[in-house]
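Asker: Following this message is one structure expressed as structure tokens.
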Amino acid sequence: MTLVELLLAGALGLLVLAAISLFIRNGTNAAESVEAQRRLLEDTRAAGNYLSDVLASAAYVYPPGLTLTLSAPSAYAVRNPATGKGTWTIGTHPVVAALLLPRDPTRTCDTSRTPEGCVRFVAFYALSRAHVEANAPAEVNPGPGPSDARALYVLRAALNMSRVPESAPLTVTASEDASLLIDNLDDPGMETTSRACTEFGRLRVGGLLVTCPAAAVSSATNSSVSLLGVRLRPRVKDARRDVSATLDFSVAPRNLVLF
């Protein structure tokens, strides 16, 4: 064999090895993307299931149009990216809020000693991830991430009342900061659709057609939501992967109190 033939054979061998390496790398990247999307869907489904479970036991779901003012020990934990403070409007901003009955209605409500006898407030809302990263303390900081992403948080508070009031409170102060539920959501972080019982006219329950209770009045301050849709769009973006997903959750609260 001549030197030229050896050089040609070597070059062809390098081309084959390069093609094989590229094929393996592409296959690895594809497998990593599939695995990243699987984990993304699992995490999102777990967060959505938790949200659904909590809201399914609600006695009152705040309807669209109401503006809530949320307070917590750390301002970043309730800061609405759209308003720059703790005010959130249901139906306009990415927020869902509800009142839950006391865990133990036989006990007298005392928020510091017997909170299980108090009405519980819960809110799910999407914060600016960049603001959280810049202001959250190290022990609860999610770390570096996309500056335009959102993070879904849940805020809980025991209210100083033993029964669901006829006029739901619009200002809620929590003794603890909100907790991160799921990270890296596409803007706006959460989309919701809601319908009140009065919008259905007639409901089918257990195969029977029933009408909305007469107590389901139209006033925004004392009507509630009987069907809630939530959409989450999580994503994973880095130098090699751009993976996103969309999951929809439908919630029909079981214990609604219509005033």
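Going through the structure tokens in order, the chains are called A, B, and so on, while each chain numbers its residues from 1 and the ligands are numbered from 1 in the order shown.
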Could you give me the residues within region 6-237 of chain A that DSSP places in strand (DSSP E), as number ranges by chain?

Answerer: A: 58-61, 67-71, 87-89, 95-100, 120-128, 150-158, 171-173, 179-185, 191-196, 202-205, 208-211, 225-232, 235-237

Asker: Would you return as a ChimeraX atom specification the members of region 29-251 of chain A that DSSP assigns to helix (DSSP H, G or I) on this structure's backbone?

Answerer: /A:29-56,75-78,115-117,129-135,138-140,197-200

Asker: Arg235 (chain A): which residues within 6 Å, counting only C-alpha atoms, same-chain residues fewer than 6 positions away excluded, as an MDAnalysis selection string?

Answerer: chainID A and resid 184:185 243:244

Asker: Please produce a file of the residues just selected, as a short mmCIF file (atom, residue, chain, number, x, y, z; two decimals), in the first residue's frame, where the atoms kept are N, CA, C and O atoms.

Answerer:
```cif
data_model
loop_
_atom_site.label_atom_id
_atom_site.label_comp_id
_atom_site.auth_asym_id
_atom_site.auth_seq_id
_atom_site.Cartn_x
_atom_site.Cartn_y
_atom_site.Cartn_z
N ASN A 184 -39.73 27.36 37.13
CA ASN A 184 -39.52 27.51 35.69
C ASN A 184 -40.78 27.29 34.85
O ASN A 184 -40.89 26.35 34.07
N LEU A 185 -41.75 28.19 35.05
CA LEU A 185 -42.96 28.18 34.24
C LEU A 185 -42.87 29.30 33.21
O LEU A 185 -42.30 30.36 33.47
N VAL A 243 -37.01 22.18 26.37
CA VAL A 243 -38.13 21.27 26.57
C VAL A 243 -39.23 22.00 27.31
O VAL A 243 -38.98 22.69 28.31
N SER A 244 -40.44 21.89 26.84
CA SER A 244 -41.58 22.49 27.52
C SER A 244 -42.75 21.51 27.49
O SER A 244 -42.75 20.54 26.74
#
```

Asker: Figure out the distance between CA of Leu22 (chain A) and CA of Ala9 (chain A), please, to one decimal in Å.

Answerer: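 Answer for the CA of Ala9 (chain A) to CA of Leu22 (chain A) separation: 19.9 Å.
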
Asker: Work out how far apart CA of Gly65 (chain A) and CA of Asp53 (chain A) are and give it in Å to one decimal.

Answerer: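 About the pair CA of Gly65 (chain A) and CA of Asp53 (chain A): they are 23.8 Å apart.
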
Asker: Between A:Val251, A:Val54, A:Val119, A:Leu152, which one has atoms that come closest to Val78 (chain A), using only C-alpha atoms?

Answerer: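 Counting only C-alpha atoms, the residue closest to Val78 (chain A) is A:Leu152.
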
Asker: Do you know which residues are at most 7 Å from Ala126 (chain A) counting only C-alpha atoms, after dropping those on the same chain fewer than 2 positions away, and could you put them as number ranges by chain?

Answerer: A: 94-95, 128, 150-153, 189-190

Asker: Take the selection from the previous step and output its residues with all heavy atoms, as a short mmCIF file (atom, residue, chain, number, x, y, z; two decimals), in the first residue's frame.

Answerer:
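The result, written out as result09.cif:
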```cif
data_model
loop_
_atom_site.label_atom_id
_atom_site.label_comp_id
_atom_site.auth_asym_id
_atom_site.auth_seq_id
_atom_site.Cartn_x
_atom_site.Cartn_y
_atom_site.Cartn_z
N PRO A 94 -52.13 35.78 37.49
CA PRO A 94 -52.03 34.33 37.69
C PRO A 94 -52.14 33.94 39.16
O PRO A 94 -51.15 33.70 39.85
CB PRO A 94 -50.65 33.99 37.12
CG PRO A 94 -49.85 35.24 37.28
CD PRO A 94 -50.82 36.37 37.10
N VAL A 95 -53.37 33.87 39.66
CA VAL A 95 -53.60 33.57 41.07
C VAL A 95 -54.92 32.83 41.22
O VAL A 95 -55.88 33.07 40.49
CB VAL A 95 -53.61 34.88 41.92
CG1 VAL A 95 -54.69 35.83 41.42
CG2 VAL A 95 -53.80 34.58 43.40
N SER A 128 -42.33 36.32 39.86
CA SER A 128 -41.20 36.49 38.96
C SER A 128 -40.01 35.73 39.52
O SER A 128 -39.56 35.99 40.64
CB SER A 128 -40.84 37.97 38.82
OG SER A 128 -39.56 38.12 38.24
N ARG A 150 -41.35 32.12 35.45
CA ARG A 150 -42.19 32.32 36.64
C ARG A 150 -42.07 31.10 37.55
O ARG A 150 -41.70 30.01 37.11
CB ARG A 150 -43.66 32.51 36.23
CG ARG A 150 -43.90 33.76 35.39
CD ARG A 150 -43.74 35.02 36.20
NE ARG A 150 -43.97 36.22 35.41
CZ ARG A 150 -43.02 36.96 34.88
NH1 ARG A 150 -41.75 36.61 35.03
NH2 ARG A 150 -43.31 38.05 34.19
N ALA A 151 -42.38 31.29 38.82
CA ALA A 151 -42.34 30.21 39.79
C ALA A 151 -43.66 30.20 40.55
O ALA A 151 -44.12 31.25 41.03
CB ALA A 151 -41.17 30.37 40.76
N LEU A 152 -44.28 29.04 40.65
CA LEU A 152 -45.58 28.92 41.31
C LEU A 152 -45.38 28.70 42.81
O LEU A 152 -44.69 27.76 43.22
CB LEU A 152 -46.38 27.76 40.71
CG LEU A 152 -47.83 27.66 41.16
CD1 LEU A 152 -48.62 28.87 40.68
CD2 LEU A 152 -48.47 26.38 40.65
N TYR A 153 -45.99 29.57 43.61
CA TYR A 153 -45.88 29.50 45.07
C TYR A 153 -47.26 29.25 45.68
O TYR A 153 -48.30 29.55 45.07
CB TYR A 153 -45.31 30.80 45.63
CG TYR A 153 -43.79 30.84 45.61
CD1 TYR A 153 -43.09 30.92 44.41
CD2 TYR A 153 -43.06 30.78 46.79
CE1 TYR A 153 -41.71 30.94 44.39
CE2 TYR A 153 -41.67 30.81 46.77
CZ TYR A 153 -41.00 30.89 45.58
OH TYR A 153 -39.62 30.90 45.56
N GLY A 189 -47.10 32.04 33.91
CA GLY A 189 -46.90 31.07 34.98
C GLY A 189 -48.08 30.17 35.22
O GLY A 189 -47.93 28.98 35.44
N MET A 190 -49.29 30.74 35.19
CA MET A 190 -50.50 29.95 35.40
C MET A 190 -51.66 30.66 34.72
O MET A 190 -51.79 31.89 34.83
CB MET A 190 -50.78 29.78 36.90
CG MET A 190 -52.06 29.01 37.21
SD MET A 190 -52.28 28.67 38.99
CE MET A 190 -52.33 30.33 39.67
#
```

Asker: Choose the residue, out of A:Ala75, A:Ile90, A:Val140, A:Ile182, that has the smallest atom-to-atom separation from Leu51 (chain A); count only C-alpha atoms.

Answerer: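 Among the listed residues, A:Ile182 lies closest to Leu51 (chain A).
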
Asker: For region 81-152 of chain A against region 159-170 of chain A, with a cut-off of 10 Å and counting only C-alpha atoms, what is the closest atom pair and its distance in Å to one decimal for every residue that makes the cut, ordered by chain and number, as CSV?

Answerer:
```
residue,atom,partner,partner_atom,distance
A:Thr87,CA,A:Leu170,CA,9.7
A:Trp88,CA,A:Leu170,CA,10.0
A:Ala98,CA,A:Ala168,CA,9.3
A:Leu99,CA,A:Val164,CA,7.2
A:Leu100,CA,A:Val164,CA,7.8
A:Leu101,CA,A:Val164,CA,6.8
A:Pro102,CA,A:Ser162,CA,6.8
A:Asp104,CA,A:Ser162,CA,9.5
A:Pro105,CA,A:Ser162,CA,7.0
A:Thr106,CA,A:Ser162,CA,9.2
A:Arg107,CA,A:Ser162,CA,8.4
A:Thr108,CA,A:Ser162,CA,6.8
A:Cys109,CA,A:Ser162,CA,5.4
A:Asp110,CA,A:Asn160,CA,6.7
A:Thr111,CA,A:Asn160,CA,6.1
A:Ser112,CA,A:Asn160,CA,9.7
A:Pro115,CA,A:Leu159,CA,8.2
A:Glu116,CA,A:Ser162,CA,9.4
A:Gly117,CA,A:Ser162,CA,6.1
A:Cys118,CA,A:Ser162,CA,4.8
A:Val119,CA,A:Leu159,CA,5.4
A:Arg120,CA,A:Leu159,CA,5.9
A:Phe121,CA,A:Leu159,CA,6.8
```
